[in-house]
Amino acid sequence: MSALGVLFLALMIFPVYWMVNSSLQGAQGAASMTWFPTSPTFDGYIAAFQQQSQNFLTSMIVSLGSVIVTLVFATPAAYGLARFRMRGTGAFLLVLLVTQMIPTIVIANALYTLFNDVGLLNSYLGLILADAAAQIPFSILLMRAFMESIPSSLVEAALVDGANNFRAFISIVVPISRNAIVTAALFTFLGAWGDFLIALTLTSTTAVRPITLGIYNYIGSNVTNWGPVMATAVLASLPAAVLLVIAQRYIAAGALGGAVK
Amino acid sequence: MSASVEAAVGSRPAAVVAGHPGRPRARVLSSLSRWLFIAPAVLYVAVFFGYPVVKNVVMSFQDYSTRTFFTGEAPWVGFKNYAATFGSSLFTTTVVNTALFTIGSIVAQFVIGLGLALFFKRSFPLSGFLRGLLLLPWLLPLIASSAVWKWMLDQDSGAVNQFLGLFGIPAVPWLVSPNLALVAVIGVNIWLGIPFNTTILYSGLQSVPQELYEAASLDGAVGVRAFRYITWPSIRSVVSVVIVLGVVYTLKVVDIILGLTGGGPANSTQTLATNAYHQSFVNFQFGEGAAVSNVLIVVSFVFAIVYISLSRKAVDE
């Protein structure tokens with residue numbers, strides 16, 4: 001049983017191994033790549049740093065910006081939807097679900113013309129706003145599921161003490177929902193970091209180019225030396241790995257929190 | 001996400017308010033301040049989802065091209081964009097490719113995912129560790145996965161052909177042969193979808209009560225019969241959610257195809273989604289791109305409706 005499992009898993013994660021293996025054989029051409037990095041070199045990483053560090057930085061700025069925009073818009077909305085039952089909230093929830101099914105290319109097609117009119121093409125702000133848009137609906141749904149489990153007596157106590165809705169939200173709901181907010185922030189970061197299509201369609205120059213486009217430009221041409229390409233792929237995968245390890249605790253709590261009612 | 005569907009479908013406005021009449025907070029919560037929580041998000045979604053969907057419909061009836069961006073003119077052309085789209089031989093190719101890509105990916109992802117989920121359910125040494133490891137491919141941005149696979153499928157020195165070469169099989173032109181490229185792209189997409197399918201189906205299997213199997217085994221239902229009469233009926237709602245979500249997400253796929261083949265060779269991997277991209281952002285025919293986009297959105301919405309009605313049914317059950 002275990003042997004079979006190990007065999008299948010080896011097959012499934014072989015591409016990840018191959019990425020790391022190739023990234024450490026940067027000096028050789030494609031033909032001399034071997035199965036194991038017997039004489040590892042960091043030449044691939046050095047080349048990747050020289051060519052991609054600006055793109056890496058761009059990805060960082062755009063992803064962090066998307067997290068901020070997403071949280072600012074999604075957190076109050078999640079709370080509003082969890083706590084207040086008003087005309088139209090049910091319809092809005094349905095709309096949020098449907099947005100998850102709209103193909104990104106449909107959005108990009110129309111957004112290009114809009115961004116062209118208002119001068120947001122090839123800008124950090126444009127990418128941040130578009131990437132955040134892709135993550136806001138899911139973040140609202142995720143945080144709302146958690147916030148529904150907050151006992152309303154907690155908030156009511158604050159209201160009786162004279163706090164208004166916004167004060168109660170900031171001083172009670174946000175601290176209690178920390179796990180859910182961190183989880184939403186993490187998914188937003190990963191979504192924006194991995195975004196390719198929005199960056200591909202809404203930028204045309206090298207001015208604002210995330211690392212995903214850097215990889216795409218590598219593989220769009222005829223690659224002869226895969227070392228730097230795979231080193232870039234490893235670097236592009238690192239933030240996800242680091243974040244998941246750090247935030248594991250929050251995710252488990254944040255994702256499960258909504259289920260416990 | 002299915003939990004939020006239940007909540008979304010199950011919630012009826014005013015239910016809570018009606019439940020607590022006359023509470024002091026009803027006075028404190030003025031309707032305006034409640035709306036201020038939600039209004040910014042509503043506005044955001046309207047600009048970034050509502051507007052594009054409407055704008056696409058409008059654009060699909062216009063001659064919207066590079067010239068439009070200079071002159072600001074986008075003359076109305078009626079159904080010309082749709083006629084051009086449906087009339088081209090490329091459209092037939094993309095529809096067939098989209099169907100093959102979607103069905104091939106979904107069926108294989110599901111079968112392998114269910115197999116793995118059943119396999120991991122008999123907990124054996126290392127099973128938890130291996131299940132965690134299975135999620136490793138998820139850490140890679142899609143375009144990074146595409147890059148790795150493009151390298152592995154390289155005809156001359158890629159790992160796949162090197163491995164096959166050990167058995168004397170000559171180099172296979174995975175991504176450069178029009179006959180093989182779609183198969184290769186589907187294969188990569190299956191690889192990407194297996195972790196998701198396994199994880200969701202595994203959690204579905206975990207929720208089947210163990211007593212059911214014990215009772216059934218007394219009646220002689222074990223192995224395949226136990227799967228057919230107990231497991232399958234118990235996880236049917238999870239199965240339908242996995243499949244419908246899979247279809248909706250597979251229809252959207254652009255990253256992998258653009259990264260691996262760019263839609264080529266000879267349009268053999270061009271789908272509705274990549275074709276919409278090509279019309280708008282390579283040929284700069286935004287009108288035709290919008291027409292293809294609208295076809296794609298109609299197909300997606302059909303499945304979206306199926307999904308929502310299925311999850312509604314799951315709540316009722």
# chains A, B, ... in the order shown; residues from 1 in each chain; ligands from 1
>>> interface_residues(of="chain B", to="chain A", cutoff="7 Å", atoms="only C-alpha atoms", output="PyMOL selection string")
chain B and resi 4+8+11-14+16+34+37-38+40-41+48-49+52-53+55-56+124-126+130+134+136-137+139-144+147-148+157+248+252+255+259+273+277+280-281+290+293+297+300+304
>>> residues_around(residues="Asn161 in chain B", least_positions_apart="6", cutoff="10 Å", atoms="only C-alpha atoms", output="MDAnalysis selection string")
chainID B and resid 152:155 169:174
>>> write_last_selection(atoms="C-alpha atoms", output="mmCIF file, in the first residue's frame")
data_model
loop_
_atom_site.group_PDB
_atom_site.id
_atom_site.type_symbol
_atom_site.label_atom_id
_atom_site.label_comp_id
_atom_site.auth_asym_id
_atom_site.auth_seq_id
_atom_site.Cartn_x
_atom_site.Cartn_y
_atom_site.Cartn_z
ATOM 1 C CA MET B 152 9.531 18.249 -19.731
ATOM 2 C CA LEU B 153 7.639 17.744 -22.977
ATOM 3 C CA ASP B 154 10.445 19.223 -25.091
ATOM 4 C CA GLN B 155 10.924 16.984 -28.107
ATOM 5 C CA ILE B 169 10.745 4.720 -27.922
ATOM 6 C CA PRO B 170 11.727 7.439 -30.413
ATOM 7 C CA ALA B 171 11.250 11.121 -29.449
ATOM 8 C CA VAL B 172 7.571 12.077 -29.432
ATOM 9 C CA PRO B 173 6.735 15.580 -30.777
ATOM 10 C CA TRP B 174 4.300 16.296 -27.917
#
>>> residues_around(residues="Tyr229 in chain B", least_positions_apart="3", cutoff="12 Å", atoms="only C-alpha atoms", output="PyMOL selection string")
chain B and resi 212-213+215-217+219-226+232-236
>>> write_last_selection(atoms="all heavy atoms", output="tab-separated table (two decimals), in the first residue's frame")
chain	number	residue	atom	x	y	z
B	212	LEU	N	-22.57	2.54	8.39
B	212	LEU	CA	-23.24	2.08	7.18
B	212	LEU	C	-22.50	0.89	6.57
B	212	LEU	O	-23.10	-0.09	6.15
B	212	LEU	CB	-23.31	3.21	6.15
B	212	LEU	CG	-24.37	4.29	6.38
B	212	LEU	CD1	-24.33	5.31	5.26
B	212	LEU	CD2	-25.75	3.66	6.45
B	213	TYR	N	-21.15	1.02	6.54
B	213	TYR	CA	-20.36	-0.06	5.96
B	213	TYR	C	-20.46	-1.31	6.83
B	213	TYR	O	-20.54	-2.43	6.33
B	213	TYR	CB	-18.90	0.36	5.82
B	213	TYR	CG	-18.69	1.43	4.79
B	213	TYR	CD1	-18.44	2.73	5.15
B	213	TYR	CD2	-18.76	1.11	3.43
B	213	TYR	CE1	-18.26	3.72	4.20
B	213	TYR	CE2	-18.58	2.09	2.47
B	213	TYR	CZ	-18.33	3.39	2.86
B	213	TYR	OH	-18.17	4.35	1.93
B	215	ALA	N	-22.95	-2.19	8.80
B	215	ALA	CA	-24.26	-2.82	8.60
B	215	ALA	C	-24.31	-3.55	7.28
B	215	ALA	O	-24.83	-4.67	7.18
B	215	ALA	CB	-25.35	-1.75	8.66
B	216	ALA	N	-23.74	-2.92	6.24
B	216	ALA	CA	-23.80	-3.52	4.91
B	216	ALA	C	-22.98	-4.80	4.85
B	216	ALA	O	-23.36	-5.76	4.19
B	216	ALA	CB	-23.30	-2.53	3.87
B	217	SER	N	-21.86	-4.81	5.57
B	217	SER	CA	-21.01	-6.00	5.50
B	217	SER	C	-21.71	-7.19	6.12
B	217	SER	O	-21.50	-8.33	5.72
B	217	SER	CB	-19.66	-5.73	6.18
B	217	SER	OG	-19.85	-5.65	7.56
B	219	ASP	N	-24.78	-7.74	5.71
B	219	ASP	CA	-25.64	-8.22	4.63
B	219	ASP	C	-24.82	-8.73	3.45
B	219	ASP	O	-25.39	-9.01	2.39
B	219	ASP	CB	-26.57	-7.09	4.15
B	219	ASP	CG	-27.55	-6.70	5.23
B	219	ASP	OD1	-27.81	-7.55	6.10
B	219	ASP	OD2	-28.04	-5.56	5.21
B	220	GLY	N	-23.54	-8.78	3.60
B	220	GLY	CA	-22.70	-9.33	2.54
B	220	GLY	C	-22.26	-8.32	1.50
B	220	GLY	O	-21.68	-8.68	0.48
B	221	ALA	N	-22.54	-7.02	1.73
B	221	ALA	CA	-22.12	-6.01	0.76
B	221	ALA	C	-20.75	-5.49	1.13
B	221	ALA	O	-20.62	-4.68	2.04
B	221	ALA	CB	-23.14	-4.87	0.70
B	222	VAL	N	-19.73	-5.98	0.44
B	222	VAL	CA	-18.38	-5.48	0.66
B	222	VAL	C	-17.77	-5.17	-0.71
B	222	VAL	O	-18.34	-5.52	-1.74
B	222	VAL	CB	-17.49	-6.51	1.40
B	222	VAL	CG1	-17.89	-6.59	2.86
B	222	VAL	CG2	-17.56	-7.86	0.72
B	223	GLY	N	-16.62	-4.50	-0.69
B	223	GLY	CA	-15.90	-4.22	-1.93
B	223	GLY	C	-16.73	-3.40	-2.89
B	223	GLY	O	-17.29	-2.37	-2.54
B	224	VAL	N	-16.84	-3.91	-4.13
B	224	VAL	CA	-17.53	-3.16	-5.19
B	224	VAL	C	-18.99	-2.91	-4.82
B	224	VAL	O	-19.53	-1.83	-5.06
B	224	VAL	CB	-17.44	-3.93	-6.52
B	224	VAL	CG1	-18.20	-3.19	-7.61
B	224	VAL	CG2	-15.99	-4.13	-6.93
B	225	ARG	N	-19.64	-3.91	-4.22
B	225	ARG	CA	-21.06	-3.74	-3.87
B	225	ARG	C	-21.23	-2.66	-2.80
B	225	ARG	O	-22.16	-1.86	-2.85
B	225	ARG	CB	-21.64	-5.07	-3.39
B	225	ARG	CG	-21.89	-6.04	-4.52
B	225	ARG	CD	-22.26	-7.41	-3.97
B	225	ARG	NE	-23.48	-7.37	-3.16
B	225	ARG	CZ	-24.71	-7.50	-3.69
B	225	ARG	NH1	-24.85	-7.67	-4.99
B	225	ARG	NH2	-25.77	-7.48	-2.92
B	226	ALA	N	-20.31	-2.61	-1.86
B	226	ALA	CA	-20.39	-1.58	-0.83
B	226	ALA	C	-20.22	-0.20	-1.47
B	226	ALA	O	-20.90	0.76	-1.12
B	226	ALA	CB	-19.31	-1.81	0.23
B	232	TRP	N	-21.24	5.48	-3.20
B	232	TRP	CA	-21.67	6.33	-4.30
B	232	TRP	C	-22.92	7.15	-3.96
B	232	TRP	O	-22.90	8.38	-4.13
B	232	TRP	CB	-21.86	5.49	-5.57
B	232	TRP	CG	-22.15	6.32	-6.77
B	232	TRP	CD1	-23.34	6.50	-7.39
B	232	TRP	CD2	-21.22	7.16	-7.48
B	232	TRP	NE1	-23.23	7.36	-8.43
B	232	TRP	CE2	-21.93	7.80	-8.51
B	232	TRP	CE3	-19.85	7.44	-7.34
B	232	TRP	CZ2	-21.33	8.68	-9.41
B	232	TRP	CZ3	-19.26	8.32	-8.23
B	232	TRP	CH2	-20.00	8.92	-9.24
B	233	PRO	N	-23.99	6.52	-3.45
B	233	PRO	CA	-25.17	7.34	-3.09
B	233	PRO	C	-24.84	8.39	-2.04
B	233	PRO	O	-25.39	9.49	-2.07
B	233	PRO	CB	-26.16	6.32	-2.54
B	233	PRO	CG	-25.72	5.00	-3.07
B	233	PRO	CD	-24.24	5.09	-3.22
B	234	SER	N	-23.91	8.08	-1.13
B	234	SER	CA	-23.61	9.02	-0.05
B	234	SER	C	-22.82	10.24	-0.55
B	234	SER	O	-22.95	11.33	0.01
B	234	SER	CB	-22.79	8.34	1.05
B	234	SER	OG	-23.43	7.17	1.48
B	235	ILE	N	-21.99	10.04	-1.56
B	235	ILE	CA	-21.15	11.17	-1.98
B	235	ILE	C	-21.67	11.82	-3.26
B	235	ILE	O	-21.01	12.67	-3.85
B	235	ILE	CB	-19.67	10.75	-2.19
B	235	ILE	CG1	-19.56	9.69	-3.28
B	235	ILE	CG2	-19.05	10.26	-0.90
B	235	ILE	CD1	-18.12	9.47	-3.73
B	236	ARG	N	-22.89	11.43	-3.69
B	236	ARG	CA	-23.36	11.92	-4.98
B	236	ARG	C	-23.42	13.44	-5.05
B	236	ARG	O	-23.05	14.03	-6.07
B	236	ARG	CB	-24.74	11.33	-5.28
B	236	ARG	CG	-24.85	10.83	-6.69
B	236	ARG	CD	-26.24	10.31	-6.97
B	236	ARG	NE	-27.24	11.19	-6.41
B	236	ARG	CZ	-28.42	10.77	-5.92
B	236	ARG	NH1	-28.70	9.50	-5.93
B	236	ARG	NH2	-29.28	11.63	-5.42
>>> select_by_dssp(residues="range 54-266 of chain B", states="alpha helix (DSSP H)", output="PyMOL selection string")
chain B and resi 54-59+66-71+80-87+89-121+127-133+142-152+159-165+181-206+210-218+224-226+232-252+255-260
>>> atom_distance(atom1="CA of Gly246 in chain B", atom2="CA of Phe187 in chain A")
19.0 Å
>>> residues_around(residues="range 107-116 of chain B", least_positions_apart="5", cutoff="12 Å", atoms="only C-alpha atoms", output="short mmCIF file (atom, residue, chain, number, x, y, z; two decimals) with N, CA and C atoms, in the first residue's frame")
data_model
loop_
_atom_site.label_atom_id
_atom_site.label_comp_id
_atom_site.auth_asym_id
_atom_site.auth_seq_id
_atom_site.Cartn_x
_atom_site.Cartn_y
_atom_site.Cartn_z
N MET A 1 0.83 -1.21 0.00
CA MET A 1 0.00 0.00 0.00
C MET A 1 0.86 1.25 0.00
N LEU A 4 2.95 1.61 -3.13
CA LEU A 4 2.14 2.07 -4.26
C LEU A 4 1.87 3.57 -4.14
N GLY A 5 1.55 4.00 -2.92
CA GLY A 5 1.29 5.41 -2.68
C GLY A 5 2.51 6.27 -2.98
N PHE A 8 3.04 6.53 -6.77
CA PHE A 8 2.13 7.44 -7.45
C PHE A 8 2.44 8.89 -7.12
N LEU A 9 2.74 9.13 -5.84
CA LEU A 9 3.08 10.49 -5.43
C LEU A 9 4.34 10.97 -6.12
N MET A 12 3.35 12.18 -9.36
CA MET A 12 2.61 13.45 -9.31
C MET A 12 3.53 14.64 -9.04
N ALA B 99 -14.66 21.29 -26.15
CA ALA B 99 -15.40 20.13 -25.65
C ALA B 99 -14.44 19.00 -25.27
N LEU B 100 -13.48 18.71 -26.17
CA LEU B 100 -12.53 17.63 -25.88
C LEU B 100 -11.70 17.95 -24.65
N PHE B 101 -11.22 19.20 -24.59
CA PHE B 101 -10.38 19.63 -23.46
C PHE B 101 -11.15 19.51 -22.15
N THR B 102 -12.41 19.99 -22.16
CA THR B 102 -13.19 19.99 -20.93
C THR B 102 -13.57 18.57 -20.53
N LYS B 121 -8.20 6.56 1.69
CA LYS B 121 -9.16 6.36 2.78
C LYS B 121 -8.79 5.16 3.64
N ARG B 122 -8.20 4.12 3.03
CA ARG B 122 -7.69 3.02 3.84
C ARG B 122 -6.38 3.51 4.41
N SER B 123 -6.43 4.11 5.58
CA SER B 123 -5.22 4.74 6.07
C SER B 123 -4.12 3.70 6.26
N SER B 127 0.13 7.59 4.83
CA SER B 127 -0.96 8.09 3.97
C SER B 127 -1.23 9.57 4.21
N LEU B 130 1.61 11.59 2.58
CA LEU B 130 1.52 11.57 1.12
C LEU B 130 0.38 12.45 0.62
N ARG B 131 -0.74 12.43 1.38
CA ARG B 131 -1.88 13.25 0.98
C ARG B 131 -1.52 14.74 1.04
N LEU B 134 0.64 15.65 -1.92
CA LEU B 134 -0.10 15.72 -3.17
C LEU B 134 -0.46 17.16 -3.52
N ILE B 186 -4.21 18.48 -22.57
CA ILE B 186 -5.21 17.86 -21.69
C ILE B 186 -4.50 17.11 -20.56
N GLY B 187 -3.43 16.39 -20.91
CA GLY B 187 -2.68 15.64 -19.90
C GLY B 187 -2.18 16.55 -18.79
N VAL B 188 -1.61 17.69 -19.16
CA VAL B 188 -1.10 18.63 -18.15
C VAL B 188 -2.25 19.15 -17.29
N ASN B 189 -3.37 19.44 -17.94
CA ASN B 189 -4.51 19.97 -17.17
C ASN B 189 -5.07 18.93 -16.21
N ILE B 190 -5.02 17.65 -16.62
CA ILE B 190 -5.45 16.58 -15.71
C ILE B 190 -4.53 16.57 -14.48
N TRP B 191 -3.23 16.66 -14.74
CA TRP B 191 -2.26 16.67 -13.64
C TRP B 191 -2.59 17.80 -12.65
N LEU B 192 -2.95 18.98 -13.21
CA LEU B 192 -3.25 20.12 -12.36
C LEU B 192 -4.50 19.90 -11.52
N GLY B 193 -5.49 19.16 -12.07
CA GLY B 193 -6.78 19.05 -11.40
C GLY B 193 -6.85 17.92 -10.38
N ILE B 194 -5.91 16.97 -10.44
CA ILE B 194 -5.98 15.81 -9.56
C ILE B 194 -5.97 16.19 -8.07
N PRO B 195 -5.07 17.07 -7.63
CA PRO B 195 -5.08 17.41 -6.19
C PRO B 195 -6.43 17.94 -5.71
N PHE B 196 -7.05 18.84 -6.48
CA PHE B 196 -8.35 19.40 -6.11
C PHE B 196 -9.40 18.29 -5.99
N ASN B 197 -9.49 17.45 -7.03
CA ASN B 197 -10.49 16.39 -7.02
C ASN B 197 -10.27 15.42 -5.86
N THR B 198 -9.01 15.04 -5.65
CA THR B 198 -8.72 14.09 -4.57
C THR B 198 -9.12 14.68 -3.22
N THR B 199 -8.74 15.94 -3.00
CA THR B 199 -8.99 16.56 -1.70
C THR B 199 -10.48 16.64 -1.40
N ILE B 200 -11.26 17.15 -2.38
CA ILE B 200 -12.69 17.32 -2.12
C ILE B 200 -13.38 15.95 -1.98
N LEU B 201 -13.04 15.01 -2.86
CA LEU B 201 -13.69 13.70 -2.79
C LEU B 201 -13.29 12.96 -1.52
N TYR B 202 -12.03 13.15 -1.10
CA TYR B 202 -11.59 12.51 0.14
C TYR B 202 -12.42 13.01 1.33
N SER B 203 -12.63 14.34 1.37
CA SER B 203 -13.42 14.85 2.50
C SER B 203 -14.86 14.38 2.40
N GLY B 204 -15.35 14.18 1.14
CA GLY B 204 -16.69 13.61 0.97
C GLY B 204 -16.76 12.20 1.52
N LEU B 205 -15.73 11.40 1.23
CA LEU B 205 -15.70 10.01 1.70
C LEU B 205 -15.62 9.95 3.22
N PHE B 227 -19.30 -0.11 -2.44
CA PHE B 227 -19.09 1.16 -3.13
C PHE B 227 -20.37 1.58 -3.85
N THR B 231 -21.20 3.91 -0.75
CA THR B 231 -20.33 5.05 -0.99
C THR B 231 -20.92 6.00 -2.02
N TRP B 232 -21.24 5.48 -3.20
CA TRP B 232 -21.67 6.33 -4.30
C TRP B 232 -22.92 7.15 -3.96
N ILE B 235 -21.99 10.04 -1.56
CA ILE B 235 -21.15 11.17 -1.98
C ILE B 235 -21.67 11.82 -3.26
N ARG B 236 -22.89 11.43 -3.69
CA ARG B 236 -23.36 11.92 -4.98
C ARG B 236 -23.42 13.44 -5.05
N VAL B 238 -21.57 15.62 -3.43
CA VAL B 238 -20.19 16.12 -3.53
C VAL B 238 -19.68 15.93 -4.95
N VAL B 239 -20.02 14.76 -5.52
CA VAL B 239 -19.57 14.46 -6.89
C VAL B 239 -20.11 15.50 -7.86
N SER B 240 -21.40 15.82 -7.74
CA SER B 240 -21.94 16.76 -8.73
C SER B 240 -21.32 18.15 -8.57
N VAL B 241 -21.05 18.54 -7.33
CA VAL B 241 -20.41 19.85 -7.13
C VAL B 241 -19.00 19.85 -7.74
N VAL B 242 -18.24 18.78 -7.49
CA VAL B 242 -16.88 18.70 -8.02
C VAL B 242 -16.89 18.77 -9.55
N ILE B 243 -17.82 18.05 -10.16
CA ILE B 243 -17.82 18.00 -11.61
C ILE B 243 -18.26 19.34 -12.22
N VAL B 244 -19.34 19.91 -11.67
CA VAL B 244 -19.82 21.16 -12.27
C VAL B 244 -18.80 22.28 -12.06
N LEU B 245 -18.24 22.37 -10.86
CA LEU B 245 -17.19 23.38 -10.64
C LEU B 245 -16.00 23.14 -11.57
N GLY B 246 -15.65 21.86 -11.73
CA GLY B 246 -14.55 21.51 -12.62
C GLY B 246 -14.80 21.99 -14.04
N VAL B 247 -16.03 21.78 -14.52
CA VAL B 247 -16.37 22.21 -15.87
C VAL B 247 -16.24 23.72 -15.99
N THR B 250 -12.62 24.68 -15.94
CA THR B 250 -11.88 24.22 -17.11
C THR B 250 -12.20 25.06 -18.34
#
>>> residues_around(residues="Ala185 in chain A", least_positions_apart="6", cutoff="9 Å", atoms="only C-alpha atoms", output="number ranges by chain")
A: 66-68, 70-71, 139
>>> atom_distance(atom1="CA of Ala184 in chain B", atom2="CA of Ile257 in chain B")
10.1 Å
